[in-house]
file work-v7.txt (compact mmCIF, C-alpha atoms)
# COMPACT_ATOMS: atom_id res chain seq x y z
CA MET A 1 -92.77 -94.73 -8.07
CA GLY A 2 -90.04 -94.98 -10.74
CA THR A 3 -87.34 -92.56 -11.75
CA ALA A 4 -88.93 -89.25 -12.68
CA ARG A 5 -87.81 -86.51 -15.05
CA PRO A 6 -85.69 -84.02 -13.06
CA THR A 7 -87.90 -80.93 -13.35
CA ILE A 8 -87.12 -77.65 -11.61
CA GLU A 9 -89.53 -78.48 -8.80
CA ARG A 10 -87.89 -81.88 -8.19
CA LEU A 11 -84.41 -80.35 -8.34
CA GLN A 12 -85.40 -77.72 -5.78
CA LEU A 13 -87.02 -80.30 -3.53
CA GLY A 14 -83.95 -82.55 -3.70
CA LEU A 15 -81.55 -79.71 -2.90
CA ALA A 16 -83.71 -78.51 0.00
CA LEU A 17 -83.90 -82.03 1.48
CA THR A 18 -80.14 -82.44 1.11
CA ARG A 19 -79.58 -79.17 2.97
CA LEU A 20 -81.95 -80.22 5.78
CA ARG A 21 -80.35 -83.67 6.09
CA THR A 22 -76.85 -82.17 6.20
CA ARG A 23 -77.93 -79.66 8.83
CA ALA A 24 -79.46 -82.48 10.90
CA ASN A 25 -76.19 -84.41 10.58
CA ARG A 26 -77.93 -87.51 9.22
CA SER A 27 -76.74 -89.95 6.56
CA GLN A 28 -78.81 -90.91 3.53
CA GLY A 29 -79.10 -94.42 4.97
CA GLU A 30 -80.46 -93.17 8.30
CA ALA A 31 -82.95 -90.87 6.59
CA ALA A 32 -84.10 -93.58 4.19
CA GLN A 33 -84.61 -96.03 7.03
CA ALA A 34 -86.73 -93.49 8.90
CA ILE A 35 -89.28 -93.47 6.04
CA GLY A 36 -88.97 -97.11 5.02
CA ARG A 37 -87.07 -96.44 1.80
CA THR A 38 -83.66 -97.52 0.51
CA GLY A 39 -80.67 -95.23 0.45
CA GLY A 40 -80.67 -95.49 -3.33
CA ARG A 41 -84.24 -94.25 -3.53
CA LEU A 42 -83.51 -91.26 -1.29
CA SER A 43 -80.45 -90.52 -3.41
CA GLN A 44 -82.73 -90.33 -6.46
CA VAL A 45 -84.98 -87.85 -4.65
CA GLU A 46 -82.04 -85.68 -3.56
CA ASN A 47 -80.75 -85.68 -7.16
CA GLY A 48 -84.11 -84.44 -8.46
CA LYS A 49 -84.99 -87.75 -10.12
CA GLY A 50 -87.79 -88.84 -7.87
CA GLY A 51 -90.44 -87.67 -5.46
CA LEU A 52 -91.92 -88.71 -2.14
CA GLY A 53 -95.51 -89.24 -1.11
CA PRO A 54 -97.06 -86.69 1.28
CA ASP A 55 -96.80 -88.99 4.32
CA GLU A 56 -93.19 -89.92 3.51
CA LEU A 57 -92.22 -86.28 3.20
CA VAL A 58 -93.88 -85.40 6.51
CA LYS A 59 -91.99 -88.25 8.25
CA LEU A 60 -88.72 -87.11 6.69
CA LEU A 61 -89.22 -83.52 7.80
CA ASP A 62 -90.04 -84.76 11.31
CA PHE A 63 -86.82 -86.79 11.27
CA TYR A 64 -84.85 -83.69 10.25
CA GLY A 65 -86.58 -81.51 12.83
CA ALA A 66 -87.80 -79.06 10.18
CA ARG A 67 -90.36 -76.64 11.53
CA GLY A 68 -92.20 -73.44 10.70
CA PRO A 69 -92.14 -71.67 7.32
CA GLU A 70 -89.21 -73.77 6.11
CA ARG A 71 -91.24 -76.95 6.62
CA GLU A 72 -94.27 -75.49 4.85
CA THR A 73 -92.09 -74.46 1.90
CA VAL A 74 -90.66 -77.96 1.50
CA LEU A 75 -94.13 -79.50 1.71
CA ALA A 76 -95.27 -77.11 -1.03
CA LEU A 77 -92.25 -78.07 -3.13
CA GLY A 78 -93.17 -81.72 -2.61
CA ALA A 79 -96.70 -81.09 -3.90
CA ALA A 80 -95.32 -79.22 -6.92
CA ALA A 81 -92.85 -82.06 -7.61
CA ARG A 82 -95.71 -84.58 -7.68
CA ARG A 83 -97.82 -82.52 -10.06
CA ARG A 84 -98.12 -84.12 -13.49
CA ALA A 85 -99.98 -81.36 -15.35
CA PRO A 86 -97.88 -79.92 -18.20
CA ARG A 87 -96.64 -76.36 -17.75
CA ARG A 88 -94.48 -73.98 -19.79
CA ALA A 89 -92.66 -72.38 -16.85
CA TYR A 90 -92.42 -72.74 -13.09
CA VAL A 91 -93.19 -69.59 -11.08
CA ASP A 92 -91.62 -69.85 -7.64
CA ASN A 93 -94.14 -68.14 -5.37
CA LEU A 94 -92.77 -69.77 -2.22
CA PRO A 95 -90.82 -67.86 0.48
CA GLU A 96 -87.08 -67.24 -0.01
CA PRO A 97 -86.85 -68.02 -3.75
CA PHE A 98 -83.24 -66.83 -3.91
CA GLN A 99 -82.28 -69.55 -1.44
CA ARG A 100 -83.40 -72.07 -4.04
CA LEU A 101 -81.77 -70.19 -6.93
CA SER A 102 -78.54 -70.18 -4.93
CA GLU A 103 -78.80 -73.94 -4.34
CA LEU A 104 -79.39 -74.54 -8.05
CA GLN A 105 -76.29 -72.51 -8.95
CA ALA A 106 -74.20 -74.32 -6.35
CA ALA A 107 -75.28 -77.66 -7.83
CA ALA A 108 -74.74 -76.64 -11.48
CA ARG A 109 -71.71 -77.71 -13.52
CA VAL A 110 -71.97 -74.80 -16.00
CA ILE A 111 -73.26 -71.29 -15.22
CA ASN A 112 -73.86 -68.69 -17.93
CA TRP A 113 -74.95 -65.35 -16.46
CA TYR A 114 -75.76 -62.05 -18.19
CA GLU A 115 -76.91 -58.74 -16.75
CA CYS A 116 -77.59 -55.34 -18.31
CA GLY A 117 -76.67 -52.23 -16.32
CA VAL A 118 -75.61 -54.00 -13.13
CA VAL A 119 -72.67 -56.18 -12.11
CA PRO A 120 -73.94 -59.79 -11.76
CA GLY A 121 -74.33 -60.91 -8.17
CA LEU A 122 -71.79 -63.71 -8.45
CA VAL A 123 -68.93 -61.26 -9.11
CA GLN A 124 -69.98 -58.32 -6.94
CA SER A 125 -67.36 -57.04 -4.50
CA PRO A 126 -68.20 -57.05 -0.75
CA ASP A 127 -68.63 -53.26 -0.72
CA TYR A 128 -70.78 -53.32 -3.87
CA VAL A 129 -72.98 -55.99 -2.25
CA ARG A 130 -73.36 -53.84 0.87
CA ALA A 131 -74.22 -50.76 -1.19
CA ILE A 132 -76.79 -52.65 -3.30
CA MET A 133 -78.43 -54.10 -0.20
CA ALA A 134 -78.44 -50.73 1.56
CA LEU A 135 -80.22 -49.20 -1.43
CA SER A 136 -82.83 -51.96 -1.36
CA ASN A 137 -83.51 -51.54 2.36
CA SER A 138 -86.99 -49.99 2.90
CA ILE A 139 -87.72 -50.40 -0.86
CA HIS A 140 -87.70 -54.14 -1.54
CA TRP A 141 -88.28 -55.01 2.12
CA ALA A 142 -89.35 -53.14 5.26
CA ASP A 143 -86.66 -50.94 6.79
CA SER A 144 -84.52 -53.41 8.72
CA GLU A 145 -80.78 -53.34 9.32
CA GLU A 146 -80.99 -56.92 10.55
CA GLU A 147 -82.53 -58.16 7.29
CA THR A 148 -80.05 -56.12 5.25
CA SER A 149 -77.15 -57.73 7.14
CA GLU A 150 -78.65 -61.19 6.63
CA ARG A 151 -79.00 -60.59 2.88
CA ILE A 152 -75.39 -59.37 2.64
CA ALA A 153 -74.17 -62.48 4.47
CA PHE A 154 -76.31 -64.70 2.25
CA ARG A 155 -74.94 -63.13 -0.97
CA GLN A 156 -71.35 -63.50 0.20
CA GLU A 157 -71.89 -67.11 1.29
CA HIS A 158 -73.50 -67.82 -2.07
CA GLN A 159 -70.46 -66.44 -3.90
CA ARG A 160 -68.15 -68.58 -1.78
CA ARG A 161 -70.16 -71.76 -2.38
CA VAL A 162 -70.20 -71.29 -6.14
CA LEU A 163 -66.74 -69.84 -6.83
CA GLU A 164 -64.86 -72.05 -4.38
CA ALA A 165 -66.72 -75.29 -5.06
CA GLY A 166 -64.56 -78.40 -4.82
CA ASP A 167 -65.67 -79.52 -8.28
CA ALA A 168 -64.62 -76.59 -10.46
CA LYS A 169 -67.50 -75.20 -12.50
CA GLU A 170 -67.43 -73.56 -15.89
CA ILE A 171 -68.69 -70.03 -15.26
CA SER A 172 -69.20 -67.39 -17.93
CA VAL A 173 -70.29 -63.93 -16.81
CA VAL A 174 -71.20 -61.23 -19.34
CA PHE A 175 -72.49 -57.75 -18.54
CA THR A 176 -72.81 -54.36 -20.21
CA GLU A 177 -70.14 -51.72 -19.58
CA ASP A 178 -72.68 -49.20 -18.32
CA ALA A 179 -72.86 -51.32 -15.15
CA LEU A 180 -69.54 -49.63 -14.28
CA ASP A 181 -70.97 -46.17 -15.03
CA HIS A 182 -73.97 -46.47 -12.70
CA VAL A 183 -72.46 -45.42 -9.38
CA ILE A 184 -73.45 -47.66 -6.47
CA GLY A 185 -72.18 -46.58 -3.06
CA GLY A 186 -69.72 -43.96 -4.36
CA ALA A 187 -66.60 -43.73 -6.52
CA SER A 188 -64.43 -45.75 -4.13
CA VAL A 189 -66.93 -48.64 -4.16
CA MET A 190 -66.95 -48.65 -7.96
CA ARG A 191 -63.15 -48.58 -8.14
CA GLY A 192 -63.05 -51.48 -5.68
CA GLN A 193 -65.56 -53.35 -7.83
CA VAL A 194 -63.34 -53.04 -10.90
CA LEU A 195 -60.34 -54.27 -8.90
CA HIS A 196 -62.45 -57.15 -7.60
CA LEU A 197 -63.29 -58.23 -11.16
CA LEU A 198 -59.60 -58.24 -12.11
CA GLN A 199 -58.71 -60.24 -9.00
CA LEU A 200 -61.47 -62.79 -9.58
CA ALA A 201 -60.32 -63.35 -13.16
CA GLU A 202 -56.78 -64.02 -11.89
CA ARG A 203 -57.86 -66.23 -9.00
CA HIS A 204 -60.42 -68.41 -10.78
CA PRO A 205 -59.28 -69.77 -14.17
CA ASN A 206 -62.68 -71.43 -14.62
CA LEU A 207 -64.40 -68.02 -14.41
CA ALA A 208 -64.69 -66.02 -17.64
CA ILE A 209 -65.67 -62.36 -17.21
CA ARG A 210 -66.47 -60.44 -20.38
CA ILE A 211 -67.98 -57.02 -20.97
CA ILE A 212 -70.18 -55.69 -23.78
CA ALA A 213 -68.69 -52.25 -24.42
CA ASN A 214 -70.71 -49.04 -24.45
CA GLY A 215 -71.83 -48.23 -27.97
CA THR A 216 -72.07 -51.86 -29.08
CA ALA A 217 -74.88 -52.09 -31.62
CA ASP A 218 -77.77 -54.55 -31.73
CA ASN A 219 -77.68 -56.01 -28.24
CA PRO A 220 -80.78 -58.27 -28.17
CA ALA A 221 -80.94 -58.33 -24.36
CA LEU A 222 -80.96 -54.67 -23.37
CA GLY A 223 -82.78 -54.09 -20.10
CA GLY A 224 -82.84 -57.74 -19.10
CA GLY A 225 -80.82 -60.48 -17.49
CA LEU A 226 -80.66 -64.25 -17.66
CA VAL A 227 -78.99 -67.27 -16.09
CA VAL A 228 -78.57 -70.64 -17.82
CA LEU A 229 -77.63 -73.58 -15.60
CA ASP A 230 -76.41 -76.99 -16.75
CA PHE A 231 -76.25 -79.95 -14.34
CA PRO A 232 -74.26 -83.20 -14.51
CA HIS A 233 -77.33 -85.46 -14.56
CA ALA A 234 -80.40 -83.26 -14.79
CA THR A 235 -82.38 -81.08 -17.16
CA PRO A 236 -80.87 -77.61 -17.74
CA VAL A 237 -82.62 -74.71 -16.04
CA THR A 238 -82.92 -71.10 -17.15
CA PHE A 239 -83.88 -68.10 -15.05
CA ALA A 240 -84.83 -64.58 -16.12
CA SER A 241 -83.83 -61.74 -13.77
CA VAL A 242 -86.69 -59.75 -12.26
CA LEU A 243 -86.74 -56.49 -10.29
CA HIS A 244 -89.64 -57.54 -8.11
CA GLY A 245 -92.03 -60.43 -7.74
CA PRO A 246 -91.76 -64.21 -7.96
CA ALA A 247 -88.88 -65.90 -9.75
CA THR A 248 -89.74 -67.67 -13.02
CA PHE A 249 -87.76 -70.73 -14.11
CA TYR A 250 -87.84 -72.52 -17.46
CA ASP A 251 -86.86 -76.12 -18.18
CA GLN A 252 -88.65 -76.84 -21.46
CA PRO A 253 -86.40 -77.47 -24.52
CA GLU A 254 -87.81 -74.59 -26.60
CA ASP A 255 -87.13 -72.08 -23.81
CA ILE A 256 -83.70 -73.47 -22.97
CA GLU A 257 -82.55 -73.32 -26.59
CA ALA A 258 -83.84 -69.78 -26.99
CA MET A 259 -81.90 -68.69 -23.89
CA ARG A 260 -78.79 -70.48 -25.14
CA ARG A 261 -78.99 -68.73 -28.51
CA LEU A 262 -79.40 -65.40 -26.75
CA PHE A 263 -76.39 -65.99 -24.51
CA ARG A 264 -74.24 -67.13 -27.45
CA ARG A 265 -75.14 -63.89 -29.26
CA LEU A 266 -74.16 -61.86 -26.18
CA GLU A 267 -70.81 -63.67 -26.04
CA GLU A 268 -70.26 -62.76 -29.70
CA LEU A 269 -70.90 -59.10 -28.90
CA ALA A 270 -68.70 -59.08 -25.78
CA LEU A 271 -65.07 -58.04 -25.72
CA SER A 272 -62.48 -60.81 -25.57
CA HIS A 273 -60.93 -61.75 -22.23
CA GLU A 274 -57.85 -59.67 -23.06
CA GLU A 275 -59.93 -56.69 -24.20
CA THR A 276 -62.10 -56.92 -21.10
CA ARG A 277 -59.04 -56.91 -18.86
CA ALA A 278 -57.63 -53.90 -20.74
CA LEU A 279 -60.93 -52.04 -20.31
CA LEU A 280 -60.96 -52.74 -16.56
CA VAL A 281 -57.33 -51.64 -16.20
CA ASP A 282 -58.14 -48.41 -18.06
CA ARG A 283 -61.06 -47.83 -15.70
CA ILE A 284 -58.68 -48.11 -12.73
CA LYS A 285 -56.27 -45.62 -14.28
CA GLU A 286 -59.08 -43.16 -15.02
CA SER A 287 -60.30 -43.33 -11.41
CA ARG A 288 -56.99 -42.19 -9.91

call {"tool": "encode", "arguments": {"input": "work-v7.txt", "output": "structure tokens"}}
result
Amino acid sequence: MGTARPTIERLQLGLALTRLRTRANRSQGEAAQAIGRTGGRLSQVENGKGGLGPDELVKLLDFYGARGPERETVLALGAAARRRAPRRAYVDNLPEPFQRLSELQAAARVINWYECGVVPGLVQSPDYVRAIMALSNSIHWADSEEETSERIAFRQEHQRRVLEAGDAKEISVVFTEDALDHVIGGASVMRGQVLHLLQLAERHPNLAIRIIANGTADNPALGGGLVVLDFPHATPVTFASVLHGPATFYDQPEDIEAMRRLFRRLEELALSHEETRALLVDRIKESR
């Protein structure tokens, strides 16, 4: 099996196997030896540039002690990674799709993220996260304070992994101003969210936060959201935000270029960094 094109499925499989190996406190060499492969070959798999046969993957999961639904998900990813049939998009119907989206963002070198009407998850304040998750409780999942707490912790850990990564990423976040008008959790939460955006912009020079002002004409992405991810040595990946249902990823050139053109147009419509900061400062003054 030679080096394969790093599709979304192979990227997700590689990231999941890296996470399991790290959790098991095993080296690449130890893991490769356990399945009769070289460390270089396993490195290819973890980087999304190769796959493993069914028996090899089973042995590796045994070596890592992976059990239950997590094991079944990785086996399903392995089957998807081996599939050779052409496809336009990859629909992630497996459990915990946002775990894999989070891993993709953590591995990316460049993140371009746009949302309409809501503050993007990467730059949400802790209180805004809690309010969003509380609203979703009993709607997007069965009424469960335990699950709500787990989702809050996951979102905050995801933010930390991406924003505080050792290898600084280029991150561009664009969202519509009405995201600050839609009250989530109360006026104090919204004021804290605006302060959080100002603090993030000061703390992370690699993070660009820009707002498309209310009244801006001809926004081609009203009502939607998108994420474009670029990796050091892999095919770019795009993701369209959804309210409910499976996540859909795109890695074909025609889709990637369309998403790039859309994001570039949104950046053209957005306020400059200085104008965005001035708008946020004005919002703080108005809330006093």

call {"tool": "residues_around", "arguments": {"input": "work-v7.txt", "residues": "range 195-200 of chain A", "least_positions_apart": "5", "cutoff": "7 Å", "atoms": "all atoms listed in the file", "output": "ChimeraX atom specification"}}
result
/A:123,125,277

call {"tool": "closest_atom_pairs", "arguments": {"input": "work-v7.txt", "of": "range 136-255 of chain A", "to": "range 4-19 of chain A", "cutoff": "8 Å", "atoms": "all atoms listed in the file", "output": "Markdown table"}}
result
| residue | atom | partner | partner_atom | distance |
| --- | --- | --- | --- | --- |
| A:Ala234 | CA | A:Pro6 | CA | 5.6 |
| A:Thr235 | CA | A:Pro6 | CA | 6.0 |
| A:Val237 | CA | A:Ile8 | CA | 7.0 |
| A:Phe249 | CA | A:Ile8 | CA | 7.4 |
| A:Tyr250 | CA | A:Ile8 | CA | 7.8 |
| A:Asp251 | CA | A:Ile8 | CA | 6.8 |

call {"tool": "write_last_selection", "arguments": {"input": "work-v7.txt", "atoms": "C-alpha atoms", "output": "PDB file, in the coordinates of the input"}}
result
ATOM      1  CA  ALA A 234     -80.400 -83.260 -14.790  1.00  0.00           C
ATOM      2  CA  THR A 235     -82.380 -81.080 -17.160  1.00  0.00           C
ATOM      3  CA  VAL A 237     -82.620 -74.710 -16.040  1.00  0.00           C
ATOM      4  CA  PHE A 249     -87.760 -70.730 -14.110  1.00  0.00           C
ATOM      5  CA  TYR A 250     -87.840 -72.520 -17.460  1.00  0.00           C
ATOM      6  CA  ASP A 251     -86.860 -76.120 -18.180  1.00  0.00           C
TER       7      ASP A 251
END

call {"tool": "closest_residue", "arguments": {"input": "work-v7.txt", "among": "A:Ala208, A:Leu226, A:Val242, A:Ile35", "to": "Ile171 in chain A", "atoms": "all atoms listed in the file"}}
result
A:Ala208

call {"tool": "residues_around", "arguments": {"input": "work-v7.txt", "residues": "Glu70 in chain A", "least_positions_apart": "6", "cutoff": "10 Å", "atoms": "all atoms listed in the file", "output": "list of chain:residue names"}}
result
A:Ala16, A:Leu20, A:Leu61, A:Ala76, A:Leu94, A:Pro95, A:Glu96

call {"tool": "closest_atom_pairs", "arguments": {"input": "work-v7.txt", "of": "range 88-179 of chain A", "to": "range 211-225 of chain A", "cutoff": "8 Å", "atoms": "all atoms listed in the file", "output": "tab-separated table"}}
result
residue	atom	partner	partner_atom	distance
A:Trp113	CA	A:Gly225	CA	7.7
A:Tyr114	CA	A:Gly225	CA	5.3
A:Glu115	CA	A:Gly225	CA	4.3
A:Cys116	CA	A:Gly223	CA	5.6
A:Gly117	CA	A:Gly223	CA	7.4
A:Val174	CA	A:Ile211	CA	5.5
A:Phe175	CA	A:Ile211	CA	5.2
A:Thr176	CA	A:Ile212	CA	4.6
A:Glu177	CA	A:Ala213	CA	5.1
A:Asp178	CA	A:Asn214	CA	6.4

call {"tool": "atom_distance", "arguments": {"input": "work-v7.txt", "atom1": "CA of Glu72 in chain A", "atom2": "CA of Arg23 in chain A"}}
result
17.3 Å

call {"tool": "atom_distance", "arguments": {"input": "work-v7.txt", "atom1": "CA of Ile139 in chain A", "atom2": "CA of Arg100 in chain A"}}
result
22.3 Å

call {"tool": "atom_distance", "arguments": {"input": "work-v7.txt", "atom1": "CA of Arg21 in chain A", "atom2": "CA of Phe231 in chain A"}}
result
21.2 Å
